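K.L.:
My structure is in data03.txt, and what it holds is compact mmCIF, C-alpha atoms:
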```
# COMPACT_ATOMS: atom_id res chain seq x y z
CA MET A 1 8.26 31.64 -7.33
CA LEU A 2 8.49 27.89 -7.99
CA GLY A 3 12.27 28.07 -8.31
CA LEU A 4 12.57 30.31 -5.22
CA TRP A 5 10.48 28.02 -3.03
CA MET A 6 12.22 24.86 -4.20
CA SER A 7 15.67 26.32 -3.72
CA GLN A 8 15.04 27.03 -0.03
CA VAL A 9 16.52 24.58 2.45
CA SER A 10 16.92 24.54 6.17
CA PRO A 11 20.28 25.54 7.71
CA GLU A 12 20.81 21.90 8.68
CA GLN A 13 20.26 20.72 5.10
CA GLU A 14 22.50 23.53 3.77
CA HIS A 15 25.29 22.51 6.10
CA ARG A 16 24.93 18.84 5.18
CA SER A 17 24.77 19.33 1.43
CA LYS A 18 27.37 22.03 0.75
CA PRO A 19 30.56 20.02 1.31
CA LYS A 20 29.34 17.33 -1.08
CA ALA A 21 27.85 19.54 -3.77
CA LYS A 22 29.52 19.36 -7.15
CA SER A 23 27.19 21.68 -9.00
CA LYS A 24 28.24 24.98 -10.54
CA GLY A 25 26.37 27.98 -11.88
CA ASN A 26 22.99 29.20 -10.76
CA GLU A 27 21.43 26.25 -8.97
CA SER A 28 18.03 27.91 -8.52
CA ASP A 29 17.76 28.47 -12.27
CA ASN A 30 18.80 24.87 -12.88
CA VAL A 31 16.05 23.66 -10.55
CA VAL A 32 13.40 25.53 -12.54
CA LYS A 33 14.74 24.29 -15.89
CA LEU A 34 14.94 20.69 -14.69
CA VAL A 35 11.40 20.80 -13.33
CA TRP A 36 9.92 22.38 -16.46
CA SER A 37 11.70 19.98 -18.79
CA GLN A 38 10.37 17.05 -16.76
CA ILE A 39 6.87 18.57 -16.74
CA LEU A 40 6.94 18.74 -20.55
CA ILE A 41 8.27 15.19 -20.86
CA ASN A 42 5.54 13.95 -18.53
CA LEU A 43 2.93 15.71 -20.66
CA GLY A 44 4.34 13.94 -23.71
CA ASP A 45 4.22 10.62 -21.88
CA ALA A 46 0.56 11.21 -21.00
CA LEU A 47 -0.29 11.88 -24.64
CA ILE A 48 1.46 8.73 -25.93
CA ASN A 49 0.55 6.42 -23.08
CA PRO A 50 1.19 2.83 -24.33
CA LYS A 51 -1.39 1.56 -21.83
CA VAL A 52 -4.16 3.83 -23.12
CA THR A 53 -3.60 6.05 -26.17
CA LEU A 54 -1.55 3.78 -28.41
CA PRO A 55 -3.74 0.67 -28.01
CA TRP A 56 -6.86 2.68 -28.88
CA ILE A 57 -5.19 4.19 -31.95
CA LEU A 58 -3.86 0.84 -33.17
CA GLN A 59 -7.12 -0.99 -32.51
CA GLY A 60 -8.81 1.55 -34.75
CA ALA A 61 -6.23 0.74 -37.42
CA GLY A 62 -7.00 -2.98 -37.18
CA VAL A 63 -3.67 -4.00 -35.60
CA PRO A 64 -3.66 -7.62 -34.26
CA VAL A 65 -3.99 -7.96 -30.49
CA TYR A 66 -0.77 -9.98 -30.15
CA LEU A 67 1.20 -6.93 -31.34
CA LEU A 68 -0.56 -4.61 -28.90
CA GLY A 69 0.71 -6.73 -26.02
CA TRP A 70 4.30 -5.79 -26.83
CA LEU A 71 3.89 -2.03 -26.46
CA VAL A 72 4.46 -1.73 -22.71
CA PRO A 73 7.30 -4.34 -22.42
CA ILE A 74 9.18 -2.75 -25.32
CA ARG A 75 8.80 0.74 -23.92
CA GLU A 76 9.88 -0.16 -20.38
CA SER A 77 12.51 -2.88 -20.86
CA GLY A 78 13.79 -1.39 -24.11
CA ALA A 79 14.63 1.80 -22.25
CA LEU A 80 16.45 -0.01 -19.43
CA LEU A 81 18.34 -2.98 -20.88
CA PRO A 82 20.79 -1.09 -23.19
CA GLN A 83 21.90 1.39 -20.53
CA LEU A 84 24.98 -0.60 -19.54
CA VAL A 85 26.32 -0.21 -23.07
CA MET A 86 25.21 3.42 -23.32
CA ALA A 87 27.01 4.31 -20.08
CA ASN A 88 30.41 3.55 -21.61
CA TYR A 89 29.89 6.19 -24.29
CA ILE A 90 28.19 8.70 -22.01
CA ARG A 91 31.28 8.76 -19.76
CA ARG A 92 33.25 10.10 -22.76
CA VAL A 93 31.06 13.22 -23.05
CA ALA A 94 31.86 16.28 -20.95
CA LEU A 95 28.48 18.07 -21.25
CA ARG A 96 25.83 15.39 -21.01
CA LYS A 97 22.78 17.60 -21.23
CA TRP A 98 23.19 17.49 -25.04
CA LEU A 99 22.64 13.73 -24.97
CA TRP A 100 19.35 14.34 -23.20
CA VAL A 101 18.42 16.89 -25.86
CA ILE A 102 19.23 14.38 -28.61
CA GLY A 103 17.13 11.74 -26.85
CA SER A 104 14.13 14.08 -26.61
CA VAL A 105 14.34 15.06 -30.28
CA LEU A 106 14.53 11.38 -31.29
CA GLN A 107 11.45 10.62 -29.20
CA ALA A 108 9.60 13.51 -30.85
CA LEU A 109 10.52 12.20 -34.30
CA CYS A 110 9.30 8.70 -33.40
CA VAL A 111 6.00 10.08 -32.11
CA VAL A 112 5.44 12.00 -35.36
CA LEU A 113 6.10 8.88 -37.42
CA ILE A 114 3.74 6.82 -35.23
CA GLY A 115 1.02 9.38 -35.94
CA VAL A 116 1.73 9.13 -39.67
CA VAL A 117 1.55 5.32 -39.52
CA ALA A 118 -1.79 5.47 -37.69
CA LEU A 119 -3.23 7.70 -40.44
CA LEU A 120 -1.81 5.90 -43.51
CA LEU A 121 -1.45 2.19 -42.67
CA GLU A 122 -3.70 -0.57 -41.33
CA GLY A 123 -3.52 -4.09 -39.94
CA ALA A 124 -0.32 -5.97 -39.12
CA LYS A 125 1.76 -3.67 -41.33
CA ALA A 126 0.84 -0.68 -39.15
CA GLY A 127 1.49 -2.74 -36.00
CA TRP A 128 4.99 -3.81 -37.03
CA CYS A 129 5.91 -0.26 -38.07
CA VAL A 130 4.80 1.07 -34.68
CA ILE A 131 6.71 -1.71 -32.87
CA ALA A 132 9.89 -0.74 -34.77
CA LEU A 133 9.38 2.93 -33.92
CA MET A 134 8.76 2.04 -30.26
CA VAL A 135 12.14 0.27 -30.17
CA VAL A 136 13.88 3.47 -31.30
CA PHE A 137 11.68 5.51 -28.94
CA SER A 138 12.68 3.27 -26.02
CA LEU A 139 16.39 3.54 -26.79
CA ALA A 140 16.10 7.33 -26.84
CA ARG A 141 14.13 7.17 -23.59
CA GLY A 142 16.92 5.09 -22.05
CA LEU A 143 19.47 7.72 -23.10
CA ASN A 144 17.39 10.37 -21.35
CA SER A 145 17.00 8.23 -18.25
CA ILE A 146 20.67 7.67 -17.63
CA THR A 147 21.81 11.21 -18.49
CA SER A 148 19.04 12.94 -16.50
CA LYS A 149 20.19 11.40 -13.22
CA ASP A 150 23.79 12.32 -14.00
CA VAL A 151 22.89 15.95 -14.81
CA LEU A 152 20.68 16.14 -11.71
CA GLY A 153 23.56 14.95 -9.54
CA LYS A 154 25.99 17.45 -11.13
CA THR A 155 23.79 20.53 -11.02
CA ILE A 156 21.76 20.13 -7.81
CA ALA A 157 23.29 19.60 -4.37
CA LYS A 158 22.22 16.89 -1.96
CA GLY A 159 19.25 17.94 0.12
CA ARG A 160 17.50 19.48 -2.89
CA ARG A 161 17.32 16.66 -5.43
CA GLY A 162 14.27 14.97 -3.97
CA ARG A 163 12.10 18.07 -4.31
CA VAL A 164 13.02 18.38 -8.00
CA SER A 165 11.60 14.89 -8.57
CA GLY A 166 8.69 15.64 -6.26
CA TRP A 167 7.53 18.81 -7.98
CA SER A 168 8.05 17.28 -11.43
CA SER A 169 5.84 14.33 -10.47
CA SER A 170 3.27 16.64 -8.89
CA ALA A 171 2.99 18.65 -12.10
CA ALA A 172 2.77 15.37 -14.03
CA GLY A 173 -0.18 14.45 -11.83
CA LEU A 174 -1.95 17.69 -12.71
CA ILE A 175 -1.31 16.95 -16.39
CA THR A 176 -2.66 13.41 -16.06
CA VAL A 177 -5.83 14.75 -14.44
CA GLY A 178 -6.22 17.11 -17.38
CA VAL A 179 -5.75 14.26 -19.87
CA ALA A 180 -8.30 12.17 -17.95
CA PHE A 181 -10.92 14.92 -18.22
CA MET A 182 -10.05 15.33 -21.89
CA MET A 183 -10.79 11.64 -22.41
CA VAL A 184 -14.17 11.94 -20.71
CA PHE A 185 -14.82 15.11 -22.73
CA SER A 186 -13.98 13.23 -25.95
CA GLY A 187 -16.53 10.59 -24.98
CA PHE A 188 -19.31 13.18 -24.78
CA PHE A 189 -18.46 14.42 -28.28
CA GLU A 190 -18.13 10.91 -29.74
CA LEU A 191 -14.40 11.33 -30.39
CA GLU A 192 -13.53 8.02 -28.76
CA GLY A 193 -12.05 5.75 -31.41
CA ASN A 194 -11.53 8.67 -33.85
CA THR A 195 -8.08 7.98 -35.33
CA ILE A 196 -7.53 11.58 -36.43
CA PHE A 197 -8.27 12.82 -32.89
CA TYR A 198 -5.70 10.51 -31.31
CA ALA A 199 -3.12 11.00 -34.07
CA SER A 200 -3.40 14.75 -33.46
CA SER A 201 -2.65 14.19 -29.78
CA LEU A 202 0.54 12.39 -30.82
CA MET A 203 1.60 15.34 -32.96
CA ILE A 204 1.05 17.66 -29.98
CA GLY A 205 3.13 15.26 -27.88
CA ALA A 206 5.99 15.54 -30.39
CA LEU A 207 5.98 19.34 -30.08
CA VAL A 208 6.05 18.99 -26.30
CA TRP A 209 9.21 16.85 -26.47
CA CYS A 210 10.87 19.48 -28.67
CA PHE A 211 10.02 22.24 -26.18
CA ALA A 212 11.45 20.08 -23.38
CA ALA A 213 14.71 19.75 -25.34
CA MET A 214 14.88 23.52 -25.74
CA VAL A 215 14.46 24.11 -22.01
CA TYR A 216 17.01 21.43 -21.07
CA ALA A 217 19.60 22.92 -23.44
CA PHE A 218 19.82 26.04 -21.23
CA ILE A 219 20.77 24.14 -18.05
CA ASP A 220 24.06 25.39 -16.60
CA GLU A 221 25.96 22.10 -16.40
CA PRO A 222 29.60 21.83 -15.27
CA LYS A 223 31.85 19.67 -17.43
CA SER A 224 32.32 16.07 -16.37
CA GLU A 225 35.60 14.26 -16.15
CA ILE A 226 35.97 12.36 -19.43
CA ASP A 227 36.73 8.64 -19.33
CA GLN A 228 38.87 7.86 -22.39
CA THR A 229 39.40 4.21 -21.52
CA GLN A 230 39.02 2.02 -24.62
CA VAL A 231 37.20 -1.23 -23.91
CA ARG A 232 35.95 -4.10 -26.01
CA PHE A 233 32.27 -4.89 -26.24
CA TRP A 234 32.32 -7.74 -23.73
CA GLN A 235 34.16 -5.49 -21.28
CA LEU A 236 31.22 -3.10 -21.27
CA PHE A 237 29.51 -5.50 -18.90
CA SER A 238 32.35 -5.35 -16.39
CA SER A 239 30.34 -2.77 -14.43
CA LEU A 240 28.09 -5.63 -13.33
CA SER A 241 30.90 -6.49 -10.91
CA LEU A 242 29.53 -3.64 -8.77
CA LEU A 243 26.82 -6.06 -7.70
CA LYS A 244 29.55 -8.26 -6.23
CA THR A 245 31.95 -5.69 -4.81
CA ASN A 246 29.55 -3.04 -3.47
CA ALA A 247 27.27 -4.48 -0.80
CA SER A 248 25.13 -1.35 -0.38
CA PHE A 249 24.50 -1.06 -4.12
CA ARG A 250 23.72 -4.78 -4.38
CA THR A 251 21.20 -4.52 -1.55
CA PHE A 252 19.61 -1.49 -3.24
CA VAL A 253 19.20 -3.34 -6.56
CA ILE A 254 17.62 -6.34 -4.80
CA ALA A 255 15.25 -4.03 -2.92
CA ARG A 256 14.36 -2.08 -6.07
CA SER A 257 13.56 -5.32 -7.89
CA LEU A 258 11.13 -6.35 -5.16
CA LEU A 259 9.60 -2.88 -4.93
CA LEU A 260 8.63 -3.20 -8.60
CA CYS A 261 5.66 -5.18 -7.33
CA THR A 262 3.83 -2.00 -6.32
CA ALA A 263 3.82 -0.92 -9.98
CA LEU A 264 3.21 -4.37 -11.45
CA SER A 265 0.06 -4.85 -9.36
CA ALA A 266 -1.55 -1.60 -10.59
CA PRO A 267 -3.04 -2.94 -13.87
CA TYR A 268 -4.90 -5.65 -11.96
CA TYR A 269 -6.79 -3.02 -9.94
CA VAL A 270 -8.04 -1.66 -13.27
CA LEU A 271 -8.99 -5.15 -14.49
CA ILE A 272 -10.93 -5.84 -11.29
CA ALA A 273 -12.79 -2.56 -11.74
CA GLN A 274 -13.61 -3.42 -15.36
CA GLN A 275 -15.12 -6.71 -14.23
CA HIS A 276 -17.41 -4.94 -11.76
CA LEU A 277 -17.98 -1.50 -13.30
CA GLY A 278 -17.80 -2.18 -17.03
CA ASN A 279 -15.64 -0.75 -19.82
CA GLY A 280 -17.10 2.74 -20.02
CA LEU A 281 -14.79 5.63 -20.77
CA TRP A 282 -15.71 7.20 -17.44
CA VAL A 283 -14.14 4.23 -15.63
CA LEU A 284 -10.84 4.73 -17.44
CA GLY A 285 -11.07 8.47 -16.81
CA ALA A 286 -11.70 7.88 -13.09
CA PHE A 287 -8.58 5.75 -12.77
CA MET A 288 -6.44 8.21 -14.72
CA ALA A 289 -7.76 11.01 -12.52
CA ALA A 290 -6.97 8.98 -9.40
CA SER A 291 -3.42 8.43 -10.64
CA GLY A 292 -2.99 12.10 -11.50
CA LEU A 293 -4.35 13.34 -8.19
CA ALA A 294 -2.07 10.95 -6.33
CA SER A 295 0.98 12.42 -8.09
CA LEU A 296 -0.25 15.98 -7.72
CA LEU A 297 -0.94 15.76 -3.99
CA SER A 298 1.70 13.35 -2.69
CA SER A 299 4.83 13.95 -4.78
CA PRO A 300 5.94 17.22 -3.11
CA PHE A 301 5.68 15.51 0.28
CA TRP A 302 7.64 12.44 -0.86
CA GLY A 303 10.23 14.70 -2.52
CA ARG A 304 10.94 16.74 0.62
CA PHE A 305 10.84 13.59 2.76
CA SER A 306 13.41 12.00 0.38
CA ASP A 307 15.77 14.91 0.96
CA TYR A 308 15.63 13.98 4.63
CA SER A 309 15.79 10.17 4.18
CA SER A 310 15.10 8.50 0.84
CA ARG A 311 15.58 5.14 2.56
CA GLN A 312 12.67 5.78 4.94
CA VAL A 313 10.53 6.98 2.02
CA MET A 314 11.05 3.64 0.26
CA MET A 315 10.11 1.79 3.45
CA PHE A 316 6.95 3.70 4.39
CA SER A 317 5.58 4.09 0.87
CA THR A 318 6.02 0.39 0.12
CA LEU A 319 4.30 -0.55 3.37
CA LEU A 320 1.39 1.65 2.32
CA GLY A 321 1.18 -0.20 -1.00
CA VAL A 322 1.31 -3.56 0.79
CA LEU A 323 -1.55 -2.57 3.10
CA VAL A 324 -3.71 -1.53 0.13
CA GLY A 325 -3.09 -4.88 -1.60
CA VAL A 326 -3.91 -6.88 1.52
CA LEU A 327 -7.06 -4.79 2.10
CA LEU A 328 -8.21 -5.40 -1.48
CA PHE A 329 -7.76 -9.15 -1.11
CA ILE A 330 -9.62 -9.32 2.23
CA ILE A 331 -12.57 -7.23 1.03
CA MET A 332 -12.87 -9.14 -2.27
CA TRP A 333 -12.77 -12.39 -0.31
CA LEU A 334 -15.36 -11.42 2.30
CA LEU A 335 -17.48 -8.87 0.38
CA PRO A 336 -16.93 -9.51 -3.35
CA ASP A 337 -19.87 -7.31 -4.41
CA PHE A 338 -18.33 -4.32 -2.66
CA ALA A 339 -16.07 -3.74 -5.69
CA GLY A 340 -19.19 -2.86 -7.66
CA THR A 341 -19.56 0.44 -5.80
CA VAL A 342 -18.51 3.40 -7.92
CA TRP A 343 -15.98 4.85 -5.48
CA PHE A 344 -14.30 1.78 -3.93
CA MET A 345 -11.76 0.73 -6.59
CA PRO A 346 -10.77 4.27 -7.67
CA ILE A 347 -10.03 5.19 -4.04
CA LEU A 348 -7.91 2.07 -3.51
CA TYR A 349 -6.10 2.82 -6.76
CA PHE A 350 -5.51 6.40 -5.60
CA VAL A 351 -3.83 5.20 -2.40
CA LEU A 352 -1.77 2.66 -4.36
CA CYS A 353 -0.57 5.43 -6.68
CA VAL A 354 0.36 7.58 -3.67
CA ALA A 355 2.48 4.66 -2.46
CA HIS A 356 4.03 4.12 -5.89
CA GLN A 357 5.04 7.79 -6.14
CA GLY A 358 6.88 7.44 -2.84
CA VAL A 359 8.66 4.30 -4.02
CA ARG A 360 9.66 5.91 -7.32
CA ILE A 361 10.89 9.22 -5.85
CA GLY A 362 12.61 7.53 -2.92
CA ARG A 363 14.60 5.02 -4.96
CA LYS A 364 15.53 7.66 -7.58
CA THR A 365 16.84 10.07 -4.93
CA TYR A 366 18.66 7.28 -3.10
CA LEU A 367 20.47 6.14 -6.24
CA VAL A 368 21.53 9.67 -7.23
CA ASP A 369 22.85 10.33 -3.71
CA LEU A 370 24.65 7.00 -3.48
CA ALA A 371 27.50 7.87 -5.87
CA GLU A 372 29.40 10.80 -7.38
CA GLY A 373 30.83 11.61 -10.82
CA ASN A 374 31.23 8.84 -13.38
CA ASP A 375 30.40 6.25 -10.71
CA ARG A 376 26.85 7.59 -10.72
CA THR A 377 26.54 6.79 -14.42
CA ARG A 378 27.71 3.23 -13.77
CA TYR A 379 25.34 2.78 -10.84
CA VAL A 380 22.35 4.01 -12.84
CA ALA A 381 23.26 1.87 -15.86
CA VAL A 382 23.75 -1.34 -13.88
CA SER A 383 20.63 -0.79 -11.77
CA ASN A 384 18.42 -0.05 -14.77
CA THR A 385 19.79 -2.98 -16.78
CA VAL A 386 19.01 -5.39 -13.96
CA ILE A 387 15.54 -3.87 -13.52
CA GLY A 388 14.89 -4.23 -17.26
CA ILE A 389 15.63 -7.94 -16.96
CA MET A 390 13.49 -8.25 -13.83
CA LEU A 391 10.55 -6.56 -15.58
CA LEU A 392 10.64 -9.26 -18.24
CA VAL A 393 10.99 -12.01 -15.63
CA MET A 394 8.19 -10.69 -13.42
CA SER A 395 5.85 -10.35 -16.40
CA VAL A 396 5.59 -14.14 -16.14
CA PHE A 397 3.49 -13.61 -12.99
CA GLY A 398 0.68 -12.61 -15.32
CA LEU A 399 0.34 -16.28 -16.24
CA LEU A 400 -0.87 -16.93 -12.68
CA THR A 401 -4.22 -15.42 -13.68
CA ASN A 402 -5.00 -18.84 -15.17
CA LEU A 403 -4.59 -20.41 -11.73
CA ILE A 404 -5.64 -17.82 -9.14
CA SER A 405 -7.99 -14.85 -8.96
CA LEU A 406 -6.91 -11.27 -9.66
CA PRO A 407 -7.17 -10.24 -5.97
CA ALA A 408 -5.00 -13.23 -5.04
CA LEU A 409 -2.39 -12.14 -7.60
CA VAL A 410 -2.42 -8.65 -6.08
CA LEU A 411 -1.80 -10.30 -2.70
CA VAL A 412 1.21 -12.18 -4.16
CA PHE A 413 2.70 -8.92 -5.40
CA SER A 414 2.04 -7.30 -2.02
CA LEU A 415 3.86 -10.06 -0.14
CA LEU A 416 6.86 -9.76 -2.48
CA ALA A 417 6.90 -6.00 -1.86
CA LEU A 418 6.83 -6.67 1.89
CA ILE A 419 10.01 -8.72 1.48
CA GLY A 420 11.43 -5.70 -0.32
CA VAL A 421 10.74 -3.57 2.77
CA LEU A 422 12.79 -5.99 4.86
CA VAL A 423 15.64 -5.60 2.38
CA VAL A 424 15.41 -1.78 2.48
CA VAL A 425 15.80 -1.91 6.27
CA ARG A 426 19.33 -3.23 5.67
CA LEU A 427 20.31 -0.25 3.49
CA PRO A 428 22.51 2.51 4.95
CA GLU A 429 21.34 6.10 4.72
CA ALA A 430 22.58 7.80 1.56
```
The structure given in the file should be rewritten as structure tokens.

P.N.:
Amino acid sequence: MLGLWMSQVSPEQEHRSKPKAKSKGNESDNVVKLVWSQILINLGDALINPKVTLPWILQGAGVPVYLLGWLVPIRESGALLPQLVMANYIRRVALRKWLWVIGSVLQALCVVLIGVVALLLEGAKAGWCVIALMVVFSLARGLNSITSKDVLGKTIAKGRRGRVSGWSSSAAGLITVGVAFMMVFSGFFELEGNTIFYASSLMIGALVWCFAAMVYAFIDEPKSEIDQTQVRFWQLFSSLSLLKTNASFRTFVIARSLLLCTALSAPYYVLIAQQHLGNGLWVLGAFMAASGLASLLSSPFWGRFSDYSSRQVMMFSTLLGVLVGVLLFIIMWLLPDFAGTVWFMPILYFVLCVAHQGVRIGRKTYLVDLAEGNDRTRYVAVSNTVIGIMLLVMSVFGLLTNLISLPALVLVFSLLALIGVLVVVRLPEA
């Protein structure tokens, strides 16, 4: 029923998307396989969350704090920065779903080895081993990222791609809620900090990635045109010229860089809550549940809205995130004790996550719709490489916590995101 519902489009959408569709085979079956593979990957991501699960496991193994701080940057930037080089080799492969399968299997292998390290090693030695495995994990994740958008564009026609992302994110939200309750449940049974408990969750995550690879392997993907052009290493970066020659793409990359601020501000909501509510496991569970519910409830809406206008989705969702940030700053300025109420910060975080889902689904759908064929691979690679660099650059904003309060830093991110909205206004419809 999921595939049947998602495959339905209005006559207007059908008319608009058919002339431009490049997909072959049974599109409804492809929709179901794409959604289920993404659901499984999202479950794996929830089980090996570098913001939650990994730090707890490594702290139990006595890993130095300075190594823990590298987990998130390595995972995010490590998956984005190499994509410009990867794209050159991906364009030489006719069936690119197999690259996604390879990437998922590599991630599963890394997760298994991380679990082994957590059980057998301690201290800095365990930390460095996990850092090395996270580098490989991130490279495999980058391979999945760039090929998934290409396969989505080849197998699903315009007017249907947004709902694939929407339903995948919605299911991911349900999974996150389940993981949040599992964390609270573990607290009742004194499993918090139990290395074997968390290492077991990593092993389960590895199996999930393998199942995702199996599902993805059955996608009916048409062969791509193979680019046999031989280039030297320095020529791999020639695709960056797209930022100079393609005004629409350049504007999109600038906007996407500024819209990052909705995601970068999220951890500071959690920190503010910790200052006022404490470090209890229920606080962490409440925020994870808020994030999961936001994905579960809002993603289908953003996905269908993106099929109508992904540009407007980016605008409205970012404005929602800006309003939440401004509201947080004003309330913390005028009524600082209000953050101590149990419900206030989780609700604000829920609305922020609703906004972030819109930003994420909107920009993903816009980028996939912006180009066709091998050009799509180049667009994705260039965009992600630039965003990887910007993530590292914007991480410097964290140093502002030594100068201004956390609510003020959230306000800074909100104002930068507002500038991003003004840039999105200049984008053409895709």

K.L.:
Leaving out Tyr269 of chain A and any residue of its chain fewer than 2 positions from it, which residues lie within 10 Å of it when counting all atoms listed in the file, given as a CSV table (one decimal) with C-alpha atoms, keeping the file's coordinate frame?

P.N.:
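For reference, out23.csv as written:
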```csv
chain,number,residue,atom,x,y,z
A,265,SER,CA,0.1,-4.8,-9.4
A,266,ALA,CA,-1.6,-1.6,-10.6
A,267,PRO,CA,-3.0,-2.9,-13.9
A,271,LEU,CA,-9.0,-5.2,-14.5
A,272,ILE,CA,-10.9,-5.8,-11.3
A,273,ALA,CA,-12.8,-2.6,-11.7
A,274,GLN,CA,-13.6,-3.4,-15.4
A,287,PHE,CA,-8.6,5.8,-12.8
A,325,GLY,CA,-3.1,-4.9,-1.6
A,328,LEU,CA,-8.2,-5.4,-1.5
A,345,MET,CA,-11.8,0.7,-6.6
A,346,PRO,CA,-10.8,4.3,-7.7
A,348,LEU,CA,-7.9,2.1,-3.5
A,349,TYR,CA,-6.1,2.8,-6.8
A,352,LEU,CA,-1.8,2.7,-4.4
A,406,LEU,CA,-6.9,-11.3,-9.7
A,407,PRO,CA,-7.2,-10.2,-6.0
A,410,VAL,CA,-2.4,-8.6,-6.1
```

K.L.:
Tell me which of A:Leu207, A:Ala217, A:Ile74, A:Ala289 sits closest to Phe181 of chain A, counting all atoms listed in the file.

P.N.:
A:Ala289

K.L.:
Work out how far atom CA of Arg363 of chain A is from atom CA of Trp209 of chain A, in Å to one decimal.

P.N.:
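Result for atom CA of Trp209 of chain A versus atom CA of Arg363 of chain A: 25.1 Å, one decimal.
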
K.L.:
Between atom CA of Ile404 of chain A and atom CA of His356 of chain A, what is the spacing in Å?

P.N.:
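These atoms are spaced 24.2 Å apart.
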
K.L.:
List every protein, DNA or RNA residue that has an atom no more than 10 Å from (14.9, 17.7, -31.6) in the file's coordinate frame, counting all atoms listed in the file, and report them as a tab-separated table (two decimals) with C-alpha atoms, keeping the file's coordinate frame.

P.N.:
```tsv
chain	number	residue	atom	x	y	z
A	101	VAL	CA	18.42	16.89	-25.86
A	102	ILE	CA	19.23	14.38	-28.61
A	103	GLY	CA	17.13	11.74	-26.85
A	104	SER	CA	14.13	14.08	-26.61
A	105	VAL	CA	14.34	15.06	-30.28
A	106	LEU	CA	14.53	11.38	-31.29
A	107	GLN	CA	11.45	10.62	-29.20
A	108	ALA	CA	9.60	13.51	-30.85
A	109	LEU	CA	10.52	12.20	-34.30
A	206	ALA	CA	5.99	15.54	-30.39
A	207	LEU	CA	5.98	19.34	-30.08
A	209	TRP	CA	9.21	16.85	-26.47
A	210	CYS	CA	10.87	19.48	-28.67
A	211	PHE	CA	10.02	22.24	-26.18
A	212	ALA	CA	11.45	20.08	-23.38
A	213	ALA	CA	14.71	19.75	-25.34
A	214	MET	CA	14.88	23.52	-25.74
```

K.L.:
State, in Å with one decimal place, the distance from atom CA of Thr385 of chain A to atom CA of Leu409 of chain A.

P.N.:
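That distance, rounded to one decimal, is 25.7 Å.
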
K.L.:
Using all atoms listed in the file, can you tell me which of A:Leu400, A:Val424, A:Val63, A:Val111 comes closest to Lys125 of chain A?

P.N.:
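Going through A:Leu400, A:Val424, A:Val63, A:Val111 one by one, the smallest distance to Lys125 of chain A is for A:Val63.
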
K.L.:
Box along x, y and z, 6 Å on every side, all listed atoms of segment 298-310 of chain A inside: centre and edge lengths in Å to one decimal, as AutoDock Vina command-line options.

P.N.:
```
--center_x 8.7 --center_y 12.9 --center_z -0.1 --size_x 26.1 --size_y 20.7 --size_z 21.4
```
